[in-house]
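> File name my_file28.txt; file contents compact mmCIF, C-alpha atoms (C1' of nucleotides); full text below.
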# COMPACT_ATOMS: atom_id res chain seq x y z
CA ALA A 117 -1.72 24.13 12.62
CA THR A 118 -2.34 23.82 16.31
CA ARG A 119 -5.20 21.70 17.41
CA CYS A 120 -6.61 20.41 20.64
CA THR A 121 -4.49 17.55 21.88
CA GLY A 122 -7.34 15.99 23.83
CA GLY A 123 -7.75 13.41 21.08
CA LEU A 124 -10.15 10.67 21.98
CA TYR A 125 -10.95 12.19 25.29
CA CYS A 126 -11.95 15.56 24.03
CA LYS A 127 -15.71 15.77 23.71
CA ALA A 128 -15.68 18.94 21.66
CA GLN A 129 -13.37 17.30 19.15
CA ARG A 130 -15.54 14.20 18.90
CA LYS A 131 -18.53 16.38 18.14
CA GLN A 132 -16.64 18.19 15.42
CA THR A 133 -15.54 14.90 13.94
CA LEU A 134 -19.11 13.65 13.86
CA LEU A 135 -20.51 16.83 12.40
CA HIS A 136 -17.95 16.75 9.66
CA PHE A 137 -18.55 13.07 9.02
CA ALA A 138 -22.27 13.55 8.67
CA GLY A 139 -21.94 16.73 6.63
CA ARG A 140 -23.69 17.17 3.32
CA ARG A 141 -20.48 17.03 1.35
CA ALA A 142 -19.25 14.03 3.32
CA MET A 143 -21.58 11.16 4.24
CA ASP A 144 -24.63 13.37 3.89
CA ILE A 145 -26.63 12.15 6.87
CA GLU A 146 -29.63 14.41 7.12
CA GLY A 147 -30.95 15.23 10.55
CA LEU A 148 -27.58 15.01 12.23
CA GLY A 149 -26.87 18.64 13.00
CA ASP A 150 -25.44 20.51 15.96
CA LYS A 151 -28.24 19.68 18.31
CA SER A 152 -28.45 15.96 17.75
CA VAL A 153 -24.71 15.42 17.78
CA GLU A 154 -24.51 17.38 21.00
CA GLN A 155 -27.03 15.09 22.66
CA LEU A 156 -25.74 11.85 21.24
CA VAL A 157 -22.25 12.56 22.52
CA ASP A 158 -23.32 13.94 25.88
CA GLU A 159 -25.56 10.94 26.50
CA GLY A 160 -22.66 8.68 25.69
CA LEU A 161 -24.55 7.02 22.86
CA VAL A 162 -22.04 7.87 20.20
CA SER A 163 -18.36 8.54 20.48
CA SER A 164 -17.09 7.70 17.04
CA PRO A 165 -18.65 7.73 13.57
CA ALA A 166 -18.91 3.96 13.73
CA ASP A 167 -21.27 4.15 16.69
CA LEU A 168 -23.83 5.92 14.52
CA TYR A 169 -24.43 2.70 12.65
CA ALA A 170 -25.18 0.83 15.84
CA LEU A 171 -27.90 3.21 16.99
CA LYS A 172 -31.29 1.68 17.69
CA PHE A 173 -34.70 3.24 17.74
CA ASP A 174 -34.97 2.86 21.49
CA ASP A 175 -31.66 4.65 22.02
CA ILE A 176 -32.76 7.88 20.49
CA VAL A 177 -36.50 8.10 20.76
CA ASP A 178 -36.28 9.56 24.25
CA LEU A 179 -33.88 12.31 23.32
CA GLU A 180 -35.04 15.88 23.29
CA GLY A 181 -36.81 16.65 20.07
CA PHE A 182 -36.75 13.05 18.93
CA ALA A 183 -40.16 11.55 18.83
CA GLU A 184 -41.08 8.64 16.62
CA LEU A 185 -40.97 10.53 13.37
CA SER A 186 -37.55 12.11 13.60
CA SER A 187 -36.05 9.00 15.14
CA ASN A 188 -37.09 6.94 12.16
CA LYS A 189 -35.95 9.66 9.80
CA LEU A 190 -32.52 9.77 11.35
CA LEU A 191 -32.15 6.02 11.33
CA SER A 192 -33.02 5.76 7.70
CA ALA A 193 -30.73 8.66 6.83
CA ILE A 194 -27.92 6.76 8.52
CA GLU A 195 -28.91 3.61 6.67
CA ASP A 196 -28.94 5.50 3.38
CA SER A 197 -25.39 6.71 3.89
CA LYS A 198 -23.95 3.22 3.81
CA GLN A 199 -22.75 3.32 0.22
CA PRO A 200 -20.49 6.33 -0.03
CA SER A 201 -18.10 6.90 -2.88
CA LEU A 202 -14.48 6.37 -1.91
CA ALA A 203 -13.78 10.09 -2.24
CA ARG A 204 -16.63 11.07 0.04
CA PHE A 205 -15.62 8.49 2.59
CA ILE A 206 -12.04 9.68 2.71
CA TYR A 207 -13.21 13.25 3.01
CA ALA A 208 -15.62 12.27 5.77
CA LEU A 209 -12.81 10.84 7.88
CA GLY A 210 -11.58 14.37 8.45
CA ILE A 211 -7.89 13.76 7.92
CA PRO A 212 -5.99 16.98 8.61
CA ASP A 213 -5.17 18.86 5.41
CA VAL A 214 -7.37 16.55 3.38
CA GLY A 215 -10.41 18.35 2.05
CA GLU A 216 -12.68 17.46 -0.80
CA GLU A 217 -10.14 17.96 -3.54
CA THR A 218 -7.36 15.99 -1.94
CA ALA A 219 -9.85 13.25 -1.05
CA LYS A 220 -10.83 13.04 -4.72
CA VAL A 221 -7.21 12.86 -5.76
CA LEU A 222 -6.55 10.02 -3.33
CA ALA A 223 -9.64 8.13 -4.46
CA ARG A 224 -8.98 8.63 -8.15
CA SER A 225 -5.32 7.80 -8.08
CA LEU A 226 -5.17 4.95 -5.62
CA GLY A 227 -8.57 3.50 -6.35
CA SER A 228 -9.13 1.56 -3.14
CA LEU A 229 -9.37 2.17 0.56
CA GLU A 230 -6.74 -0.46 1.32
CA ARG A 231 -4.21 1.28 -0.83
CA VAL A 232 -4.97 4.65 0.69
CA GLN A 233 -4.62 3.18 4.16
CA GLN A 234 -1.34 1.49 3.43
CA ALA A 235 0.32 4.09 1.27
CA LEU A 236 3.71 5.23 2.53
CA PRO A 237 4.48 8.94 2.64
CA GLN A 238 7.04 8.59 -0.15
CA VAL A 239 4.44 6.95 -2.33
CA LEU A 240 1.78 9.53 -1.55
CA THR A 241 4.01 12.33 -2.73
CA TYR A 242 3.55 10.99 -6.24
CA LEU A 243 0.04 12.37 -6.20
CA PRO A 244 -0.60 15.85 -7.54
CA ASP A 245 -0.60 18.53 -4.85
CA VAL A 246 0.50 16.12 -2.15
CA GLY A 247 3.86 17.01 -0.65
CA LEU A 248 5.73 15.46 2.23
CA GLU A 249 3.81 17.36 4.87
CA VAL A 250 0.37 16.28 3.74
CA ALA A 251 1.67 12.80 2.96
CA HIS A 252 2.77 12.39 6.56
CA GLU A 253 -0.56 13.61 7.89
CA ILE A 254 -2.35 11.01 5.80
CA HIS A 255 0.03 8.24 6.65
CA SER A 256 -0.05 8.84 10.39
CA PHE A 257 -3.82 9.16 10.39
CA PHE A 258 -4.14 5.63 9.07
CA GLU A 259 -1.36 4.38 11.32
CA ASP A 260 -3.23 5.54 14.40
CA ALA A 261 -4.72 2.55 16.20
CA HIS A 262 -7.94 4.30 17.13
CA ASN A 263 -8.56 5.49 13.60
CA GLN A 264 -7.92 1.99 12.30
CA GLN A 265 -10.42 0.63 14.74
CA VAL A 266 -13.10 3.12 13.75
CA ILE A 267 -12.67 2.28 10.09
CA GLU A 268 -12.79 -1.41 10.83
CA GLU A 269 -16.00 -0.99 12.80
CA LEU A 270 -17.56 1.10 10.08
CA LEU A 271 -16.96 -1.68 7.61
CA LYS A 272 -18.24 -4.22 10.07
CA HIS A 273 -21.48 -2.28 10.37
CA GLY A 274 -22.05 -2.82 6.69
CA LEU A 275 -20.56 0.26 5.15
CA GLN A 276 -19.83 -0.43 1.52
CA ILE A 277 -17.46 1.88 -0.20
CA GLN A 278 -18.12 2.34 -3.88
CA ASP A 279 -15.77 2.81 -6.81
CA GLN A 280 -13.03 0.63 -5.57
CA GLY A 281 -10.92 -0.03 -8.56
CA GLU A 282 -7.64 0.18 -10.29
CA LEU A 283 -4.91 2.72 -9.96
CA GLY A 284 -5.69 5.91 -11.78
CA ALA A 285 -3.76 7.09 -14.78
CA GLU A 286 -2.35 10.13 -13.08
CA PHE A 287 -0.60 7.93 -10.59
CA SER A 288 0.87 5.41 -12.97
CA ALA A 289 1.85 8.11 -15.39
CA SER A 290 4.00 9.94 -12.92
CA THR A 291 6.20 7.14 -11.75
CA THR A 292 9.57 6.65 -13.35
CA LEU A 293 12.69 5.12 -11.92
CA GLY A 294 14.50 8.42 -12.36
CA GLY A 295 11.73 10.27 -10.56
CA PHE A 296 11.76 7.71 -7.78
CA LEU A 297 15.52 7.99 -7.27
CA ASP A 298 15.16 11.76 -7.19
CA LYS A 299 12.59 11.47 -4.41
CA LEU A 300 15.07 9.62 -2.23
CA HIS A 301 16.79 12.98 -1.82
CA ILE A 302 20.30 11.68 -1.97
CA PRO A 303 22.57 14.65 -1.18
CA SER A 304 24.14 16.24 -4.26
CA VAL A 305 21.95 14.20 -6.54
CA GLY A 306 19.09 16.03 -8.18
CA PRO A 307 16.75 15.13 -11.04
CA GLY A 308 19.58 15.09 -13.56
CA GLY A 309 21.80 12.73 -11.61
CA ALA A 310 18.87 10.53 -10.71
CA GLN A 311 17.98 10.17 -14.37
CA LYS A 312 21.52 9.19 -15.25
CA LEU A 313 21.43 6.48 -12.62
CA ALA A 314 18.13 5.23 -13.95
CA ASP A 315 19.43 5.11 -17.51
CA LYS A 316 22.60 3.30 -16.57
CA PHE A 317 21.27 0.78 -14.07
CA GLY A 318 17.61 0.34 -14.83
CA SER A 319 16.56 -0.78 -11.36
CA LEU A 320 16.86 0.26 -7.74
CA GLU A 321 18.65 -2.96 -6.80
CA ALA A 322 21.22 -2.41 -9.49
CA VAL A 323 21.89 1.10 -8.24
CA MET A 324 22.18 -0.05 -4.65
CA ASN A 325 24.59 -2.81 -5.50
CA ALA A 326 26.56 -1.07 -8.17
CA ASP A 327 30.31 -1.31 -7.91
CA TRP A 328 32.43 1.79 -7.88
CA LEU A 329 33.53 1.54 -11.47
CA ASP A 330 30.03 1.35 -12.90
CA MET A 331 28.93 4.13 -10.62
CA ARG A 332 31.70 6.39 -11.86
CA GLN A 333 30.61 5.75 -15.42
CA ALA A 334 27.22 7.17 -14.60
CA LEU A 335 28.15 10.05 -12.31
CA PRO A 336 31.04 12.35 -11.42
CA GLU A 337 33.05 11.46 -8.35
CA LYS A 338 31.30 13.61 -5.81
CA GLN A 339 27.83 12.40 -6.66
CA ALA A 340 28.96 8.81 -7.03
CA ASN A 341 30.35 9.04 -3.52
CA SER A 342 27.16 10.47 -2.19
CA VAL A 343 25.11 7.65 -3.67
CA ARG A 344 27.38 5.03 -2.15
CA GLU A 345 27.29 6.64 1.24
CA PHE A 346 23.53 6.92 1.06
CA PHE A 347 23.05 3.26 0.37
CA ALA A 348 25.65 2.28 2.94
CA VAL A 349 23.14 3.31 5.59
CA GLU A 350 20.89 0.39 6.34
CA GLU A 351 17.87 2.55 7.10
CA ASN A 352 18.09 4.22 3.72
CA ARG A 353 18.27 0.87 1.97
CA GLN A 354 15.22 -0.35 3.84
CA ARG A 355 13.18 2.76 3.22
CA SER A 356 13.97 2.75 -0.46
CA LEU A 357 13.19 -0.92 -0.86
CA THR A 358 9.94 -0.68 1.08
CA ALA A 359 8.75 2.26 -0.97
CA GLU A 360 9.69 0.53 -4.19
CA ALA A 361 8.01 -2.67 -3.07
CA GLN A 362 4.85 -0.78 -2.34
CA LEU A 363 4.83 0.86 -5.73
CA ALA A 364 5.22 -2.55 -7.30
CA ASP A 365 2.56 -3.92 -5.01
CA PHE A 366 0.21 -1.23 -6.20
CA GLY A 367 0.69 -2.55 -9.68
CA MET A 368 3.18 0.05 -10.71
CA HIS A 369 5.87 -0.59 -13.21
CA TRP A 370 8.50 1.89 -14.23
CA GLN A 371 7.63 3.82 -17.28
CA SER A 372 10.12 5.75 -19.31
CA GLU A 373 8.05 8.83 -19.95
CA LYS A 374 5.70 10.69 -17.71
CA LYS A 375 3.61 12.79 -20.01
CA VAL A 376 0.05 11.79 -20.76
CA VAL A 377 -1.87 14.09 -22.97
CA GLU A 378 -5.42 13.80 -21.85
CA GLY A 379 -8.04 13.70 -24.51
CA LEU A 380 -10.46 15.88 -22.59
CA PRO A 381 -11.17 19.27 -24.15
CA LEU A 382 -10.39 21.36 -21.08
CA ALA A 383 -7.49 19.28 -19.77
CA GLY A 384 -4.97 21.45 -18.00
CA GLN A 385 -7.26 24.45 -17.78
CA THR A 386 -8.27 26.20 -14.59
CA TRP A 387 -11.72 27.75 -14.33
CA VAL A 388 -13.28 29.86 -11.63
CA LEU A 389 -16.94 30.23 -10.77
CA THR A 390 -18.17 33.42 -9.15
CA GLY A 391 -21.43 35.16 -8.42
CA SER A 392 -24.65 33.26 -8.08
CA LEU A 393 -25.55 30.83 -10.79
CA GLU A 394 -29.23 30.63 -11.53
CA LEU A 395 -29.54 27.98 -14.17
CA MET A 396 -27.67 25.32 -12.26
CA SER A 397 -26.05 24.86 -8.87
CA ARG A 398 -22.39 25.57 -8.38
CA ASP A 399 -21.75 21.93 -7.64
CA ILE A 400 -23.30 20.84 -10.89
CA ALA A 401 -21.36 23.49 -12.80
CA LYS A 402 -18.19 22.30 -11.15
CA ASP A 403 -18.94 18.67 -11.98
CA LYS A 404 -19.59 19.54 -15.62
CA LEU A 405 -16.31 21.39 -15.91
CA GLU A 406 -14.40 18.64 -14.21
CA SER A 407 -15.95 16.10 -16.53
CA LEU A 408 -14.42 18.08 -19.39
CA GLY A 409 -11.04 17.87 -17.71
CA ALA A 410 -10.89 21.35 -16.19
CA LYS A 411 -9.82 22.17 -12.68
CA VAL A 412 -12.19 24.47 -10.81
CA ALA A 413 -10.33 26.81 -8.48
CA GLY A 414 -11.58 29.12 -5.78
CA SER A 415 -9.65 32.21 -6.68
CA VAL A 416 -8.68 34.10 -9.81
CA SER A 417 -5.05 34.34 -10.84
CA ALA A 418 -2.96 34.83 -13.93
CA LYS A 419 -3.20 31.10 -14.52
CA THR A 420 -6.96 31.10 -14.71
CA HIS A 421 -8.24 30.32 -18.19
CA CYS A 422 -11.80 31.42 -17.85
CA VAL A 423 -14.17 32.90 -15.30
CA VAL A 424 -17.87 32.12 -15.24
CA ALA A 425 -19.61 35.06 -13.60
CA GLY A 426 -23.23 35.07 -12.54
CA PRO A 427 -25.06 38.10 -11.20
CA GLY A 428 -23.68 39.57 -8.01
CA ALA A 429 -20.10 38.67 -8.83
CA GLY A 430 -17.63 40.73 -6.84
CA SER A 431 -13.90 40.96 -6.46
CA LYS A 432 -13.15 37.89 -8.53
CA LEU A 433 -14.81 39.36 -11.59
CA THR A 434 -12.96 42.65 -11.07
CA LYS A 435 -9.70 40.80 -10.92
CA ALA A 436 -10.53 38.74 -13.98
CA ASN A 437 -11.15 41.95 -15.92
CA GLU A 438 -7.94 43.49 -14.63
CA LEU A 439 -6.04 40.48 -15.86
CA GLY A 440 -7.89 40.54 -19.14
CA LEU A 441 -9.18 36.99 -18.74
CA LYS A 442 -11.96 35.41 -20.69
CA VAL A 443 -15.25 35.83 -18.84
CA LEU A 444 -18.48 34.02 -19.61
CA ASP A 445 -21.85 34.92 -18.18
CA GLU A 446 -24.07 32.04 -17.27
CA GLU A 447 -25.93 32.01 -20.53
CA ALA A 448 -22.74 31.88 -22.55
CA PHE A 449 -21.51 29.17 -20.24
CA VAL A 450 -24.54 27.00 -20.92
CA VAL A 451 -24.04 27.49 -24.64
CA PHE A 452 -20.39 26.57 -24.21
CA LEU A 453 -21.34 23.38 -22.38
CA SER A 454 -23.86 22.37 -24.98
CA LYS A 455 -21.18 22.73 -27.66
CA HIS A 456 -19.31 20.05 -25.81
CA GLY A 457 -22.34 17.85 -25.71
CA ILE A 458 -23.42 18.66 -22.19
CA THR A 459 -27.01 19.62 -21.69
CA VAL A 460 -28.23 21.27 -18.56
C1' DG B 30 27.11 22.85 -15.73
C1' DA B 31 24.47 20.86 -12.12
C1' DG B 32 22.53 21.06 -7.54
C1' DT B 33 20.67 23.90 -3.99
C1' DA B 34 18.38 27.65 -1.53
C1' DC B 35 15.12 30.96 -1.71
C1' DA B 36 11.10 33.66 -3.01
C1' DG B 37 6.72 34.31 -5.03
C1' DC B 38 2.59 32.45 -6.55
C1' DG B 39 -1.53 29.53 -7.02
C1' DC B 40 -4.50 26.64 -5.05
C1' DG B 41 -7.00 24.02 -1.43
C1' DG B 42 -8.81 24.25 3.07
C1' DA B 43 -10.85 26.59 6.88
C1' DC B 44 -13.08 30.45 8.54
C1' DT B 45 -16.25 34.59 8.38
C1' DA B 46 -19.86 37.40 6.65
C1' DC B 47 -23.76 37.96 4.26
C1' DT B 48 -28.18 36.73 2.24
C1' DT B 49 -32.57 34.58 2.25
C1' DA C 16 -30.78 28.62 10.64
C1' DA C 17 -28.87 27.26 6.40
C1' DG C 18 -26.51 27.89 2.42
C1' DT C 19 -23.35 30.41 -0.32
C1' DA C 20 -19.84 33.98 -1.55
C1' DG C 21 -15.76 36.08 -0.03
C1' DT C 22 -11.36 36.25 2.72
C1' DC C 23 -7.20 34.54 4.75
C1' DC C 24 -3.49 31.32 5.58
C1' DG C 25 -0.35 27.63 4.61
C1' DC C 26 1.38 23.90 1.59
C1' DG C 27 3.27 22.55 -2.68
C1' DC C 28 5.11 23.95 -6.98
C1' DT C 29 7.86 26.78 -10.18
C1' DG C 30 11.15 29.88 -11.57
C1' DT C 31 15.45 32.26 -10.40
C1' DA C 32 19.61 33.56 -8.26
C1' DC C 33 23.42 31.60 -5.93
C1' DT C 34 27.16 28.10 -5.06
C1' DC C 35 30.27 24.49 -5.82
Translate the structure described by the file into structure tokens.

Amino acid sequence: ATRCTGGLYCKAQRKQTLLHFAGRRAMDIEGLGDKSVEQLVDEGLVSSPADLYALKFDDIVDLEGFAELSSNKLLSAIEDSKQPSLARFIYALGIPDVGEETAKVLARSLGSLERVQQALPQVLTYLPDVGLEVAHEIHSFFEDAHNQQVIEELLKHGLQIQDQGELGAEFSASTTLGGFLDKLHIPSVGPGGAQKLADKFGSLEAVMNADWLDMRQALPEKQANSVREFFAVEENRQRSLTAEAQLADFGMHWQSEKKVVEGLPLAGQTWVLTGSLELMSRDIAKDKLESLGAKVAGSVSAKTHCVVAGPGAGSKLTKANELGLKVLDEEAFVVFLSKHGITV
DNA sequence: GAGTACAGCGCGGACTACTT
DNA sequence: AAGTAGTCCGCGCTGTACTC
């Protein structure tokens, strides 16, 4: 994507950042819409999200449209936003390519802001739907000095991020030594070769320091050569060790098998909501489904398990019918939920 | 046979249009 | 004007044909 390179100095970008930060799905600061952000930035009162938390009554009461009432309202809305969930907070930061879903994944899997901030690209790619590209965006966002400063100030102003905790299961479950070696992208060595190395040596150090004979026992000549050459490069050794150290630091230990069968009834299923739902909001419906282990997607495909269609459903319902997918109307959906012990 | 390169697909994210 | 459904694009993943 191309974006304005004005960075810190670009007013328009700062406004966008603030609007996103305050948005209903992010920090949910009511009363901070287009108009107010416009003024706050133009008057030089606010230039980063952190500045919001330093605003005083006297600063804003003279602004256009801000008499006593709305000033107090805004201040208390800001105050009320001080305990965001980790997922919301990450989303609010507006990291490129990180929307609500990816923010949730980061929060769930890494469990704490520190870990998200420190995570190396190689480590981030362990998360579902995070590839190298997105991993680098995340990593460089937190490496940026200005971004670091803003986060630091936010915390200093009393922001308390909730649900800091342990590493999530999906992260720990997906880390194996074989998988890790595969991610190093040693030329000529794919998943198969990586697994053989893992089986034979059992640790990264052992692979790095293996002598030729042992190496040849694990792999054919060409691949064995490639591995040696790879680890002969100092930079590769460092990168591998750092990534491994971080995984260990995050409390990770190599596991032999990756598969976790989740106990949730809809684990692994993808659902789609379309049309207007009248008995509950879309967000609630989505939450309910997610709590049963389902993934709620935005578009219908052959991989969709079920479509919930309210009145006014359009192309998605058509497609679902074309594909012969299971479709529930809202009433049937509510019945379905109650069968799983969820009341609306 | 194993690794790689490539293509197609599904989903998330961002944008647009429509409704109220 | 705000909120929501629909559309479009790009990233990551998977499956397949190709190569060594």
> Residues of chain C within 9 Å of chain A: nearest atom pair and distance (Å, one decimal) for each, counting only C-alpha atoms (C1' of nucleotides), sorted by chain and number, as a tab-separated table?

residue	atom	partner	partner_atom	distance
C:DT19	C1'	A:Ser392	CA	8.4
C:DA20	C1'	A:Gly391	CA	7.1
C:DG21	C1'	A:Ser431	CA	8.3
C:DG25	C1'	A:Ala117	CA	8.8
C:DC26	C1'	A:Gly247	CA	7.7
C:DG27	C1'	A:Gly247	CA	5.9
C:DC28	C1'	A:Asp245	CA	8.2
> Write out, as a tab-separated table, each residue of chain A that has an atom at most 7 Å from chain B, together with the closest pair of atoms and their distance in Å to one decimal, counting only C-alpha atoms (C1' of nucleotides), rows going by chain and rising number.

residue	atom	partner	partner_atom	distance
A:Asp213	CA	B:DG42	C1'	6.9
A:Gly215	CA	B:DG42	C1'	6.2
A:Ser304	CA	B:DG32	C1'	6.0
A:Val305	CA	B:DG32	C1'	7.0
A:Gly306	CA	B:DG32	C1'	6.1
A:Ala413	CA	B:DC40	C1'	6.8
> To one decimal place, how far is atom CA of A:Glu253 from atom CA of A:Ser228 in Å?
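Those two atoms sit 18.4 Å apart.
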> Any idea what the distance is between atom CA of A:Leu380 and atom CA of A:Glu406?
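Value for the atom CA of A:Leu380-atom CA of A:Glu406 distance: 9.7 Å.
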> Report the distance between atom CA of A:Gly294 and atom CA of A:Ala322 in Å, rounded to one decimal place.
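Atom CA of A:Ala322 lies at a distance of 13.1 Å from atom CA of A:Gly294.
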> Within 8 Å of A:Met143, counting all atoms listed in the file, which residues qualify if same-chain residues fewer than 5 places away don't, as an mmCIF file with C-alpha atoms, in the frame of the given file?

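The resulting file, result_26.cif, is reproduced below:
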data_model
loop_
_atom_site.group_PDB
_atom_site.id
_atom_site.type_symbol
_atom_site.label_atom_id
_atom_site.label_comp_id
_atom_site.auth_asym_id
_atom_site.auth_seq_id
_atom_site.Cartn_x
_atom_site.Cartn_y
_atom_site.Cartn_z
ATOM 1 C CA PHE A 137 -18.550 13.070 9.020
ATOM 2 C CA ALA A 138 -22.270 13.550 8.670
ATOM 3 C CA SER A 197 -25.390 6.710 3.890
ATOM 4 C CA PRO A 200 -20.490 6.330 -0.030
ATOM 5 C CA ARG A 204 -16.630 11.070 0.040
ATOM 6 C CA PHE A 205 -15.620 8.490 2.590
ATOM 7 C CA ALA A 208 -15.620 12.270 5.770
#
